[in-house]
file work_28.pdb (PDB, C-alpha atoms)
ATOM      1  CA  MET A 394      -3.842  25.349  -3.492
ATOM      2  CA  ARG A 395      -7.168  24.735  -1.895
ATOM      3  CA  LEU A 396     -10.879  25.011  -2.500
ATOM      4  CA  CYS A 397     -12.916  27.047   0.005
ATOM      5  CA  LEU A 398     -16.699  27.244   0.135
ATOM      6  CA  GLY A 399     -19.209  28.756   2.520
ATOM      7  CA  PRO A 400     -19.407  31.585   5.057
ATOM      8  CA  SER A 401     -16.334  33.311   6.468
ATOM      9  CA  SER A 402     -17.281  32.859  10.120
ATOM     10  CA  GLY A 403     -18.786  30.135  12.221
ATOM     11  CA  PRO A 404     -17.858  26.446  12.127
ATOM     12  CA  VAL A 405     -15.458  25.310   9.435
ATOM     13  CA  VAL A 406     -14.767  21.834   8.122
ATOM     14  CA  LEU A 407     -11.294  20.897   6.942
ATOM     15  CA  ILE A 408     -11.586  18.050   4.469
ATOM     16  CA  ALA A 409      -8.890  15.385   4.406
ATOM     17  CA  PRO A 410      -9.227  14.135   0.846
ATOM     18  CA  ALA A 411      -9.029  10.552  -0.372
ATOM     19  CA  LEU A 412      -5.672   9.364  -1.681
ATOM     20  CA  PHE A 413      -4.367   8.638  -5.174
ATOM     21  CA  GLU A 414      -6.943   7.567  -7.758
ATOM     22  CA  GLU A 415      -9.757   7.643  -5.193
ATOM     23  CA  ALA A 416      -9.332  11.411  -4.930
ATOM     24  CA  ASN A 417     -10.100  11.800  -8.623
ATOM     25  CA  ARG A 418     -13.093   9.503  -8.423
ATOM     26  CA  LEU A 419     -14.437  11.307  -5.369
ATOM     27  CA  ARG A 420     -13.794  14.877  -6.462
ATOM     28  CA  ALA A 421     -17.346  15.583  -7.645
ATOM     29  CA  PHE A 422     -18.827  13.896  -4.574
ATOM     30  CA  THR A 423     -16.522  15.783  -2.211
ATOM     31  CA  VAL A 424     -17.456  19.117  -3.748
ATOM     32  CA  ALA A 425     -21.148  18.150  -3.527
ATOM     33  CA  VAL A 426     -20.723  17.502   0.200
ATOM     34  CA  MET A 427     -18.967  20.867   0.564
ATOM     35  CA  ARG A 428     -21.878  22.594  -1.201
ATOM     36  CA  GLY A 429     -24.326  20.791   1.054
ATOM     37  CA  LEU A 430     -22.383  22.050   4.068
ATOM     38  CA  ALA A 431     -22.288  25.608   2.691
ATOM     39  CA  GLU A 432     -26.084  25.463   2.276
ATOM     40  CA  ARG A 433     -26.257  24.629   5.972
ATOM     41  CA  GLY A 434     -24.080  27.603   6.910
ATOM     42  CA  ILE A 435     -20.897  25.580   7.344
ATOM     43  CA  ALA A 436     -17.711  26.600   5.540
ATOM     44  CA  SER A 437     -15.296  23.973   4.285
ATOM     45  CA  ILE A 438     -11.747  23.829   2.986
ATOM     46  CA  LEU A 439     -10.371  21.185   0.636
ATOM     47  CA  PRO A 440      -6.559  21.381   0.618
ATOM     48  CA  ASP A 441      -4.209  19.786  -1.923
ATOM     49  CA  LEU A 442      -1.707  17.463  -0.253
ATOM     50  CA  PRO A 443       1.926  17.834  -1.408
ATOM     51  CA  GLY A 444       2.494  15.907  -4.598
ATOM     52  CA  THR A 445      -1.190  15.840  -5.567
ATOM     53  CA  ASN A 446      -3.298  17.932  -7.931
ATOM     54  CA  GLU A 447      -1.819  21.423  -8.271
ATOM     55  CA  SER A 448       0.757  21.132  -5.502
ATOM     56  CA  LEU A 449       4.274  22.130  -6.537
ATOM     57  CA  ILE A 450       5.926  19.018  -5.133
ATOM     58  CA  ALA A 451       6.496  16.057  -7.434
ATOM     59  CA  THR A 452       4.350  13.069  -6.530
ATOM     60  CA  GLU A 453       7.332  10.780  -6.054
ATOM     61  CA  ASP A 454       8.745  13.041  -3.331
ATOM     62  CA  ALA A 455       5.629  12.921  -1.155
ATOM     63  CA  THR A 456       5.954  11.183   2.222
ATOM     64  CA  LEU A 457       3.349  10.373   4.829
ATOM     65  CA  VAL A 458       5.094  12.632   7.339
ATOM     66  CA  ASP A 459       4.893  15.501   4.801
ATOM     67  CA  TRP A 460       1.210  14.853   4.175
ATOM     68  CA  ARG A 461       0.357  14.813   7.858
ATOM     69  CA  ALA A 462       2.369  17.993   8.482
ATOM     70  CA  ALA A 463       0.858  19.770   5.472
ATOM     71  CA  PHE A 464      -2.617  18.823   6.571
ATOM     72  CA  ALA A 465      -1.978  19.953  10.156
ATOM     73  CA  ALA A 466      -0.705  23.267   8.733
ATOM     74  CA  ALA A 467      -3.922  23.665   6.757
ATOM     75  CA  VAL A 468      -6.008  23.945   9.940
ATOM     76  CA  PRO A 469      -7.422  27.507   9.894
ATOM     77  CA  SER A 470      -7.286  29.908  12.822
ATOM     78  CA  ARG A 471     -10.966  29.462  13.651
ATOM     79  CA  PRO A 472     -12.073  26.188  15.318
ATOM     80  CA  ALA A 473     -12.193  23.435  12.734
ATOM     81  CA  HIS A 474     -13.672  19.980  12.403
ATOM     82  CA  VAL A 475     -11.971  17.416  10.194
ATOM     83  CA  VAL A 476     -14.033  15.418   7.726
ATOM     84  CA  ALA A 477     -11.784  12.716   6.335
ATOM     85  CA  ILE A 478     -12.881  10.940   3.192
ATOM     86  CA  ARG A 479     -11.472   7.419   2.771
ATOM     87  CA  GLY A 480      -7.628   7.487   3.052
ATOM     88  CA  GLY A 481      -7.763  11.065   4.307
ATOM     89  CA  ALA A 482      -8.280   9.384   7.690
ATOM     90  CA  LEU A 483      -4.603   8.365   7.602
ATOM     91  CA  VAL A 484      -3.463  11.952   7.118
ATOM     92  CA  ASP A 485      -5.413  13.908   9.756
ATOM     93  CA  THR A 486      -3.486  12.415  12.679
ATOM     94  CA  ASP A 487      -1.488  15.533  13.615
ATOM     95  CA  ALA A 488      -4.150  18.197  13.099
ATOM     96  CA  GLU A 489      -5.329  20.195  16.114
ATOM     97  CA  VAL A 490      -9.081  20.192  15.642
ATOM     98  CA  VAL A 491     -12.347  20.162  17.554
ATOM     99  CA  GLY A 492     -13.356  16.756  16.235
ATOM    100  CA  ARG A 493     -12.775  14.111  13.553
ATOM    101  CA  TYR A 494     -15.383  12.614  11.237
ATOM    102  CA  HIS A 495     -14.406   9.711   9.000
ATOM    103  CA  LEU A 496     -16.218   8.451   5.911
ATOM    104  CA  SER A 497     -15.359   4.831   5.141
ATOM    105  CA  PRO A 498     -11.795   4.937   6.531
ATOM    106  CA  PRO A 499      -9.430   2.225   5.279
ATOM    107  CA  THR A 500      -6.167   1.166   6.888
ATOM    108  CA  GLY A 501      -3.007   2.119   5.010
ATOM    109  CA  ALA A 502      -2.521  -1.580   4.278
ATOM    110  CA  ASP A 503      -5.943  -1.635   2.572
ATOM    111  CA  ILE A 504      -4.890   1.258   0.328
ATOM    112  CA  VAL A 505      -1.577  -0.351  -0.645
ATOM    113  CA  ARG A 506      -3.190  -3.743  -1.250
ATOM    114  CA  ASP A 507      -5.650  -2.111  -3.627
ATOM    115  CA  LEU A 508      -2.866  -0.231  -5.471
ATOM    116  CA  VAL A 509      -0.818  -3.431  -5.824
ATOM    117  CA  ARG A 510      -3.848  -5.418  -6.934
ATOM    118  CA  THR A 511      -4.587  -2.890  -9.687
ATOM    119  CA  ARG A 512      -0.958  -2.974 -10.851
ATOM    120  CA  LEU A 513      -0.925  -6.784 -10.917
ATOM    121  CA  ALA A 514      -4.200  -6.724 -12.833
ATOM    122  CA  GLY A 515      -2.577  -4.349 -15.321
ATOM    123  CA  MET A 516       0.243  -6.893 -15.805
ATOM    124  CA  ARG A 517      -2.305  -9.360 -17.138
ATOM    125  CA  GLU A 518      -3.146  -6.843 -19.840
ATOM    126  CA  GLY A 519       0.443  -6.278 -20.924
ATOM    127  CA  GLY A 520       1.679  -3.880 -18.240
ATOM    128  CA  GLY A 521       5.287  -4.086 -16.949
ATOM    129  CA  ALA A 522       6.251  -6.874 -14.546
ATOM    130  CA  PHE A 523       5.923  -6.061 -10.866
ATOM    131  CA  ASP A 524       6.873  -7.869  -7.661
ATOM    132  CA  PRO A 525       4.937  -6.574  -4.618
ATOM    133  CA  ALA A 526       7.920  -7.454  -2.438
ATOM    134  CA  ASP A 527       9.855  -4.653  -4.177
ATOM    135  CA  ILE A 528       8.019  -2.146  -1.998
ATOM    136  CA  ASP A 529      10.013  -3.285   1.014
ATOM    137  CA  ARG A 530      13.351  -3.234  -0.802
ATOM    138  CA  PRO A 531      15.300  -0.001  -1.348
ATOM    139  CA  GLY A 532      14.942   1.390  -4.855
ATOM    140  CA  PRO A 533      13.382   4.003  -7.118
ATOM    141  CA  PRO A 534       9.738   5.103  -6.861
ATOM    142  CA  ILE A 535       7.118   2.651  -8.083
ATOM    143  CA  THR A 536       4.294   3.436 -10.494
ATOM    144  CA  LEU A 537       0.928   2.255  -9.174
ATOM    145  CA  SER A 538      -2.415   3.275 -10.657
ATOM    146  CA  GLY A 539      -0.786   6.029 -12.684
ATOM    147  CA  ASN A 540       0.948   7.530  -9.639
ATOM    148  CA  VAL A 541       4.720   7.469  -9.163
ATOM    149  CA  ILE A 542       5.078   6.740  -5.462
ATOM    150  CA  ALA A 543       8.177   6.636  -3.261
ATOM    151  CA  ARG A 544       8.769   3.261  -1.603
ATOM    152  CA  ASP A 545       9.049   4.969   1.787
ATOM    153  CA  LEU A 546       5.511   6.286   1.402
ATOM    154  CA  LEU A 547       4.202   2.811   0.535
ATOM    155  CA  VAL A 548       6.043   1.242   3.484
ATOM    156  CA  ALA A 549       4.708   3.931   5.817
ATOM    157  CA  LEU A 550       1.188   3.489   4.461
ATOM    158  CA  LYS A 551       1.309  -0.278   4.959
ATOM    159  CA  LYS A 552       1.746   0.332   8.680
ATOM    160  CA  ALA A 553      -0.591   3.318   8.974
ATOM    161  CA  ALA A 554      -3.887   3.191  10.824
ATOM    162  CA  PRO A 555      -6.629   5.820  10.683
ATOM    163  CA  SER A 556      -6.653   8.359  13.520
ATOM    164  CA  VAL A 557      -9.330   7.875  16.178
ATOM    165  CA  ALA A 558     -12.549   9.478  14.955
ATOM    166  CA  ASP A 559     -15.403  10.910  16.971
ATOM    167  CA  ARG A 560     -17.828   9.688  14.341
ATOM    168  CA  THR A 561     -17.368   7.048  11.629
ATOM    169  CA  ILE A 562     -19.752   6.513   8.729
ATOM    170  CA  ARG A 563     -19.618   3.515   6.397
ATOM    171  CA  LEU A 564     -21.703   2.116   3.585
ATOM    172  CA  GLU A 565     -24.310  -0.455   4.485
ATOM    173  CA  SER A 566     -22.427  -3.040   2.435
ATOM    174  CA  ASP A 567     -19.287  -2.613   4.582
ATOM    175  CA  THR A 568     -18.910  -5.190   7.369
ATOM    176  CA  ARG A 569     -16.661  -3.024   9.539
ATOM    177  CA  ASP A 570     -17.879  -1.050  12.564
ATOM    178  CA  ALA A 571     -19.405   2.396  12.211
ATOM    179  CA  ASP A 572     -21.560   4.819  14.140
ATOM    180  CA  ARG A 573     -23.927   4.891  11.195
ATOM    181  CA  LYS A 574     -24.255   2.982   7.946
ATOM    182  CA  VAL A 575     -25.666   4.634   4.865
ATOM    183  CA  VAL A 576     -26.961   3.284   1.584
ATOM    184  CA  GLY A 577     -24.789   4.019  -1.417
ATOM    185  CA  ARG A 578     -22.365   2.713  -4.030
ATOM    186  CA  PRO A 579     -18.612   2.737  -3.284
ATOM    187  CA  LEU A 580     -17.957   5.756  -5.510
ATOM    188  CA  TRP A 581     -14.191   5.528  -4.935
ATOM    189  CA  ARG A 582     -14.092   2.129  -6.579
ATOM    190  CA  LEU A 583     -16.321   2.395  -9.631
ATOM    191  CA  SER A 584     -15.082   1.550 -13.128
ATOM    192  CA  GLU A 585     -16.815   4.652 -14.478
ATOM    193  CA  PRO A 586     -16.543   7.738 -12.228
ATOM    194  CA  ASP A 587     -19.880   8.826 -10.850
ATOM    195  CA  THR A 588     -21.277  10.941  -8.043
ATOM    196  CA  ASP A 589     -24.263  10.435  -5.768
ATOM    197  CA  VAL A 590     -26.234  13.575  -5.010
ATOM    198  CA  MET A 591     -28.468  11.888  -2.437
ATOM    199  CA  LEU A 592     -25.522  10.392  -0.560
ATOM    200  CA  ALA A 593     -23.752  13.780  -0.588
ATOM    201  CA  GLU A 594     -26.872  15.359   0.934
ATOM    202  CA  THR A 595     -27.151  12.612   3.555
ATOM    203  CA  ILE A 596     -23.510  13.038   4.535
ATOM    204  CA  ALA A 597     -23.693  16.860   4.603
ATOM    205  CA  GLU A 598     -26.753  16.638   6.850
ATOM    206  CA  ASP A 599     -25.055  14.101   9.116
ATOM    207  CA  ILE A 600     -21.919  16.254   9.406
ATOM    208  CA  ALA A 601     -23.979  19.374  10.167
ATOM    209  CA  LEU A 602     -25.858  17.547  12.913
ATOM    210  CA  TRP A 603     -22.620  16.206  14.376
ATOM    211  CA  ILE A 604     -21.044  19.672  14.425
ATOM    212  CA  ALA A 605     -24.109  21.167  16.094
ATOM    213  CA  GLN A 606     -24.075  18.413  18.711
ATOM    214  CA  CYS A 607     -20.335  18.857  19.333
ATOM    215  CA  ALA A 608     -20.889  22.538  19.914
ATOM    216  CA  ALA A 609     -23.822  22.012  22.277
TER     217      ALA A 609
ATOM    218  CA  MET B   1     -22.225 -10.955  -5.787
ATOM    219  CA  ARG B   2     -24.781  -9.670  -8.269
ATOM    220  CA  SER B   3     -24.952  -6.343  -6.448
ATOM    221  CA  VAL B   4     -21.140  -6.099  -6.273
ATOM    222  CA  LEU B   5     -20.913  -6.524 -10.049
ATOM    223  CA  ALA B   6     -23.844  -4.181 -10.616
ATOM    224  CA  ASP B   7     -22.390  -1.478  -8.350
ATOM    225  CA  ILE B   8     -18.765  -1.621  -9.466
ATOM    226  CA  LEU B   9     -19.342  -2.188 -13.169
ATOM    227  CA  GLY B  10     -22.470  -0.070 -13.474
ATOM    228  CA  LEU B  11     -24.617  -2.940 -14.749
ATOM    229  CA  SER B  12     -28.403  -2.785 -14.499
ATOM    230  CA  GLU B  13     -30.257  -4.879 -11.946
ATOM    231  CA  ALA B  14     -32.060  -6.700 -14.750
ATOM    232  CA  ARG B  15     -28.771  -7.629 -16.357
ATOM    233  CA  VAL B  16     -27.190  -9.094 -13.229
ATOM    234  CA  ALA B  17     -30.426 -10.831 -12.268
ATOM    235  CA  ALA B  18     -30.096 -12.772 -15.526
ATOM    236  CA  PHE B  19     -26.621 -14.114 -14.637
ATOM    237  CA  THR B  20     -26.408 -17.891 -14.232
ATOM    238  CA  PRO B  21     -23.456 -19.932 -12.942
ATOM    239  CA  GLU B  22     -22.414 -20.443 -16.573
ATOM    240  CA  THR B  23     -22.481 -16.768 -17.519
ATOM    241  CA  PRO B  24     -18.967 -15.921 -18.774
ATOM    242  CA  LEU B  25     -17.304 -12.960 -17.053
ATOM    243  CA  PHE B  26     -13.675 -11.994 -17.687
ATOM    244  CA  GLY B  27     -13.038 -11.830 -21.383
ATOM    245  CA  ALA B  28     -16.734 -11.811 -22.237
ATOM    246  CA  LEU B  29     -17.996  -8.814 -20.281
ATOM    247  CA  PRO B  30     -16.476  -5.652 -21.773
ATOM    248  CA  GLU B  31     -17.043  -3.780 -18.522
ATOM    249  CA  LEU B  32     -14.873  -6.268 -16.638
ATOM    250  CA  ASP B  33     -11.357  -5.252 -17.664
ATOM    251  CA  SER B  34      -8.307  -5.889 -15.472
ATOM    252  CA  MET B  35      -8.734  -2.650 -13.554
ATOM    253  CA  ALA B  36     -12.351  -3.478 -12.822
ATOM    254  CA  VAL B  37     -11.305  -6.951 -11.619
ATOM    255  CA  ALA B  38      -9.139  -5.308  -8.965
ATOM    256  CA  SER B  39     -12.071  -3.139  -7.851
ATOM    257  CA  VAL B  40     -14.453  -6.109  -7.725
ATOM    258  CA  LEU B  41     -12.046  -8.136  -5.568
ATOM    259  CA  THR B  42     -11.452  -5.265  -3.139
ATOM    260  CA  GLU B  43     -15.195  -4.675  -2.879
ATOM    261  CA  LEU B  44     -15.737  -8.380  -2.143
ATOM    262  CA  GLU B  45     -13.198  -8.123   0.646
ATOM    263  CA  ASP B  46     -15.091  -5.230   2.226
ATOM    264  CA  ARG B  47     -18.535  -6.813   1.890
ATOM    265  CA  LEU B  48     -17.592 -10.298   3.052
ATOM    266  CA  GLY B  49     -14.946  -9.337   5.582
ATOM    267  CA  ILE B  50     -12.349 -11.527   3.834
ATOM    268  CA  LEU B  51      -8.779 -11.090   2.596
ATOM    269  CA  ILE B  52      -7.865 -12.163  -0.922
ATOM    270  CA  GLU B  53      -4.148 -12.865  -1.480
ATOM    271  CA  ASP B  54      -2.573 -11.924  -4.804
ATOM    272  CA  ASP B  55      -1.625 -15.539  -5.523
ATOM    273  CA  GLU B  56      -5.221 -16.719  -5.077
ATOM    274  CA  VAL B  57      -6.335 -14.722  -8.088
ATOM    275  CA  ASP B  58      -6.214 -16.729 -11.296
ATOM    276  CA  GLY B  59      -8.036 -16.778 -14.596
ATOM    277  CA  GLU B  60     -10.300 -19.673 -13.624
ATOM    278  CA  MET B  61     -12.104 -17.975 -10.759
ATOM    279  CA  LEU B  62     -12.960 -15.064 -13.058
ATOM    280  CA  GLU B  63     -14.150 -17.159 -15.999
ATOM    281  CA  THR B  64     -17.793 -17.504 -15.023
ATOM    282  CA  PHE B  65     -20.260 -16.051 -12.568
ATOM    283  CA  GLY B  66     -20.476 -19.445 -10.870
ATOM    284  CA  ALA B  67     -16.685 -19.707 -10.463
ATOM    285  CA  LEU B  68     -16.504 -16.278  -8.814
ATOM    286  CA  VAL B  69     -19.394 -17.099  -6.464
ATOM    287  CA  THR B  70     -17.745 -20.408  -5.520
ATOM    288  CA  PHE B  71     -14.476 -18.637  -4.778
ATOM    289  CA  ALA B  72     -16.118 -15.918  -2.677
ATOM    290  CA  THR B  73     -18.228 -18.451  -0.771
ATOM    291  CA  SER B  74     -15.231 -20.619   0.066
ATOM    292  CA  LYS B  75     -13.361 -17.571   1.418
ATOM    293  CA  ALA B  76     -16.307 -16.314   3.411
ATOM    294  CA  LEU B  77     -16.896 -19.630   5.156
ATOM    295  CA  VAL B  78     -13.325 -20.190   6.354
TER     296      VAL B  78
END

call {"tool": "encode", "arguments": {"input": "work_28.pdb", "output": "structure tokens"}}
result
Amino acid sequence: MRLCLGPSSGPVVLIAPALFEEANRLRAFTVAVMRGLAERGIASILPDLPGTNESLIATEDATLVDWRAAFAAAVPSRPAHVVAIRGGALVDTDAEVVGRYHLSPPTGADIVRDLVRTRLAGMREGGGAFDPADIDRPGPPITLSGNVIARDLLVALKKAAPSVADRTIRLESDTRDADRKVVGRPLWRLSEPDTDVMLAETIAEDIALWIAQCAA
Amino acid sequence: MRSVLADILGLSEARVAAFTPETPLFGALPELDSMAVASVLTELEDRLGILIEDDEVDGEMLETFGALVTFATSKALV
């Protein structure tokens, strides 16, 4: 299953979506960026990774290798640019594309730490006991942030680094390196889901400029 | 710290500007439930370039605005 917007010829952007709960929180924003790209004559594709959204695979069977292969297989026949949103930057490693653009890429360890932290926080409010060290021990899938996740996937994520990007964008509040920093709230982390129309426009414009410059 | 709380919890600027060191947080602020605590800590890590270990997180550092600021400052200066 995938969402496609924009013209049927010319440059196309393949979106590597954020992972787990961040994908839900960023859905509206991601679609807003895709609309902004379509308005600028750039098509985009938002695929579902195996085990997410409407994919037919159960979440607990998803592995990082599967995700990377599925994403690489989603590259269309016309030249494509990857725009990876957050953890999508860990999944675009095998895709044959013209260029990679990353929005606020975390390491896999960052993603797992956040999942564990949320689960431990849930324990304080009466959730089931959880030992983070269990991830590294063989056993059944673990439920984190409402997702049932195989231990192999968590172990693989802990070691995963984002692919090398041609352009990296981060929020101004982020201390890590970036080609450009933009003003905005960390939409993937908000208590109440929200979108940011202005940020979506800024990002769509930045992507369009980058694609035009790549093609020049 | 005020902007982290404002951004993550969706609080108004006026509201966070009124926070004092004694302002109670966890348990008193309905917006700050356990899930939101996790988000606030991760956001602090990104903004201050620090790493917060799971065993460093206890009830005391989340009790008041001042306690959270003290904790974040001590991590940022190491």

call {"tool": "resolve_selection", "arguments": {"input": "work_28.pdb", "expression": "the ChimeraX specification (/B :<7) & /A", "output": "VMD selection string"}}
result
chain A and resid 507 510 to 511 514 to 515 518 566 to 568 578 582 to 584

call {"tool": "write_last_selection", "arguments": {"input": "work_28.pdb", "atoms": "C-alpha atoms", "output": "compact mmCIF listing (two decimals), in the coordinates of the input"}}
result
# COMPACT_ATOMS: atom_id res chain seq x y z
CA ASP A 507 -5.65 -2.11 -3.63
CA ARG A 510 -3.85 -5.42 -6.93
CA THR A 511 -4.59 -2.89 -9.69
CA ALA A 514 -4.20 -6.72 -12.83
CA GLY A 515 -2.58 -4.35 -15.32
CA GLU A 518 -3.15 -6.84 -19.84
CA SER A 566 -22.43 -3.04 2.44
CA ASP A 567 -19.29 -2.61 4.58
CA THR A 568 -18.91 -5.19 7.37
CA ARG A 578 -22.36 2.71 -4.03
CA ARG A 582 -14.09 2.13 -6.58
CA LEU A 583 -16.32 2.40 -9.63
CA SER A 584 -15.08 1.55 -13.13

call {"tool": "residues_around", "arguments": {"input": "work_28.pdb", "residues": "A:Glu415", "least_positions_apart": "3", "cutoff": "9 Å", "atoms": "all atoms listed in the file", "output": "list in words"}}
result
Pro410, Ala411, Leu412, Arg418, Leu419, Arg420, Arg479, Gly480, Leu580, Trp581 and Arg582 of chain A

call {"tool": "resolve_selection", "arguments": {"input": "work_28.pdb", "expression": "the PyMOL selection byres ((chain B and resi 69) around 12)", "output": "list in words"}}
result
Met1, Arg2, Val4, Leu5, Phe19, Thr20, Pro21, Glu22, Thr23, Leu25, Leu41, Leu44, Leu48, Glu60, Met61, Leu62, Glu63, Thr64, Phe65, Gly66, Ala67, Leu68, Thr70, Phe71, Ala72, Thr73, Ser74, Lys75 and Ala76 of chain B

call {"tool": "write_last_selection", "arguments": {"input": "work_28.pdb", "atoms": "C-alpha atoms", "output": "CSV table (one decimal), in the coordinates of the input"}}
result
chain,number,residue,atom,x,y,z
B,1,MET,CA,-22.2,-11.0,-5.8
B,2,ARG,CA,-24.8,-9.7,-8.3
B,4,VAL,CA,-21.1,-6.1,-6.3
B,5,LEU,CA,-20.9,-6.5,-10.0
B,19,PHE,CA,-26.6,-14.1,-14.6
B,20,THR,CA,-26.4,-17.9,-14.2
B,21,PRO,CA,-23.5,-19.9,-12.9
B,22,GLU,CA,-22.4,-20.4,-16.6
B,23,THR,CA,-22.5,-16.8,-17.5
B,25,LEU,CA,-17.3,-13.0,-17.1
B,41,LEU,CA,-12.0,-8.1,-5.6
B,44,LEU,CA,-15.7,-8.4,-2.1
B,48,LEU,CA,-17.6,-10.3,3.1
B,60,GLU,CA,-10.3,-19.7,-13.6
B,61,MET,CA,-12.1,-18.0,-10.8
B,62,LEU,CA,-13.0,-15.1,-13.1
B,63,GLU,CA,-14.2,-17.2,-16.0
B,64,THR,CA,-17.8,-17.5,-15.0
B,65,PHE,CA,-20.3,-16.1,-12.6
B,66,GLY,CA,-20.5,-19.4,-10.9
B,67,ALA,CA,-16.7,-19.7,-10.5
B,68,LEU,CA,-16.5,-16.3,-8.8
B,70,THR,CA,-17.7,-20.4,-5.5
B,71,PHE,CA,-14.5,-18.6,-4.8
B,72,ALA,CA,-16.1,-15.9,-2.7
B,73,THR,CA,-18.2,-18.5,-0.8
B,74,SER,CA,-15.2,-20.6,0.1
B,75,LYS,CA,-13.4,-17.6,1.4
B,76,ALA,CA,-16.3,-16.3,3.4

call {"tool": "closest_residue", "arguments": {"input": "work_28.pdb", "among": "A:Val505, A:Thr500, A:Leu407, A:His495", "to": "A:Ala466", "atoms": "only C-alpha atoms"}}
result
A:Leu407

call {"tool": "atom_distance", "arguments": {"input": "work_28.pdb", "atom1": "atom CA of A:Arg471", "atom2": "atom CA of A:Arg493"}}
result
15.5 Å

call {"tool": "residues_around", "arguments": {"input": "work_28.pdb", "residues": "A:Arg461", "least_positions_apart": "2", "cutoff": "10 Å", "atoms": "all atoms listed in the file", "output": "PDB file with C-alpha atoms, keeping the file's coordinate frame"}}
result
ATOM      1  CA  ALA A 409      -8.890  15.385   4.406  1.00  0.00           C
ATOM      2  CA  LEU A 442      -1.707  17.463  -0.253  1.00  0.00           C
ATOM      3  CA  PRO A 443       1.926  17.834  -1.408  1.00  0.00           C
ATOM      4  CA  THR A 456       5.954  11.183   2.222  1.00  0.00           C
ATOM      5  CA  LEU A 457       3.349  10.373   4.829  1.00  0.00           C
ATOM      6  CA  VAL A 458       5.094  12.632   7.339  1.00  0.00           C
ATOM      7  CA  ASP A 459       4.893  15.501   4.801  1.00  0.00           C
ATOM      8  CA  ALA A 463       0.858  19.770   5.472  1.00  0.00           C
ATOM      9  CA  PHE A 464      -2.617  18.823   6.571  1.00  0.00           C
ATOM     10  CA  ALA A 465      -1.978  19.953  10.156  1.00  0.00           C
ATOM     11  CA  ALA A 466      -0.705  23.267   8.733  1.00  0.00           C
ATOM     12  CA  ALA A 467      -3.922  23.665   6.757  1.00  0.00           C
ATOM     13  CA  GLY A 481      -7.763  11.065   4.307  1.00  0.00           C
ATOM     14  CA  LEU A 483      -4.603   8.365   7.602  1.00  0.00           C
ATOM     15  CA  VAL A 484      -3.463  11.952   7.118  1.00  0.00           C
ATOM     16  CA  ASP A 485      -5.413  13.908   9.756  1.00  0.00           C
ATOM     17  CA  THR A 486      -3.486  12.415  12.679  1.00  0.00           C
ATOM     18  CA  ASP A 487      -1.488  15.533  13.615  1.00  0.00           C
ATOM     19  CA  ALA A 488      -4.150  18.197  13.099  1.00  0.00           C
TER      20      ALA A 488
END

call {"tool": "atom_distance", "arguments": {"input": "work_28.pdb", "atom1": "atom CA of A:Ala543", "atom2": "atom CA of A:Arg506"}}
result
15.5 Å

call {"tool": "resolve_selection", "arguments": {"input": "work_28.pdb", "expression": "the PyMOL selection byres ((chain A and resi 421) around 10)", "output": "PDB file with C-alpha atoms, in the frame of the given file"}}
result
ATOM      1  CA  ALA A 416      -9.332  11.411  -4.930  1.00  0.00           C
ATOM      2  CA  ASN A 417     -10.100  11.800  -8.623  1.00  0.00           C
ATOM      3  CA  ARG A 418     -13.093   9.503  -8.423  1.00  0.00           C
ATOM      4  CA  LEU A 419     -14.437  11.307  -5.369  1.00  0.00           C
ATOM      5  CA  ARG A 420     -13.794  14.877  -6.462  1.00  0.00           C
ATOM      6  CA  PHE A 422     -18.827  13.896  -4.574  1.00  0.00           C
ATOM      7  CA  THR A 423     -16.522  15.783  -2.211  1.00  0.00           C
ATOM      8  CA  VAL A 424     -17.456  19.117  -3.748  1.00  0.00           C
ATOM      9  CA  ALA A 425     -21.148  18.150  -3.527  1.00  0.00           C
ATOM     10  CA  VAL A 426     -20.723  17.502   0.200  1.00  0.00           C
ATOM     11  CA  MET A 427     -18.967  20.867   0.564  1.00  0.00           C
ATOM     12  CA  PRO A 586     -16.543   7.738 -12.228  1.00  0.00           C
ATOM     13  CA  ASP A 587     -19.880   8.826 -10.850  1.00  0.00           C
ATOM     14  CA  THR A 588     -21.277  10.941  -8.043  1.00  0.00           C
ATOM     15  CA  ASP A 589     -24.263  10.435  -5.768  1.00  0.00           C
ATOM     16  CA  VAL A 590     -26.234  13.575  -5.010  1.00  0.00           C
ATOM     17  CA  ALA A 593     -23.752  13.780  -0.588  1.00  0.00           C
TER      18      ALA A 593
END

call {"tool": "closest_residue", "arguments": {"input": "work_28.pdb", "among": "A:Ser497, A:Leu508, A:Asn540, A:Ile535", "to": "A:Thr445", "atoms": "all atoms listed in the file"}}
result
A:Asn540

call {"tool": "atom_distance", "arguments": {"input": "work_28.pdb", "atom1": "atom CA of A:Arg569", "atom2": "atom CA of A:Val475"}}
result
21.0 Å

call {"tool": "closest_residue", "arguments": {"input": "work_28.pdb", "among": "A:Leu602, A:Ala455, A:Val576, A:Leu564", "to": "A:Ala549", "atoms": "all atoms listed in the file"}}
result
A:Ala455

call {"tool": "residues_around", "arguments": {"input": "work_28.pdb", "residues": "A:Pro534", "least_positions_apart": "5", "cutoff": "8 Å", "atoms": "all atoms listed in the file", "output": "list of chain:residue names"}}
result
A:Glu453, A:Val541, A:Ile542, A:Ala543, A:Arg544

call {"tool": "closest_residue", "arguments": {"input": "work_28.pdb", "among": "A:Pro533, A:Pro555, A:Gly539, A:Gly403", "to": "A:Ala502", "atoms": "only C-alpha atoms"}}
result
A:Pro555
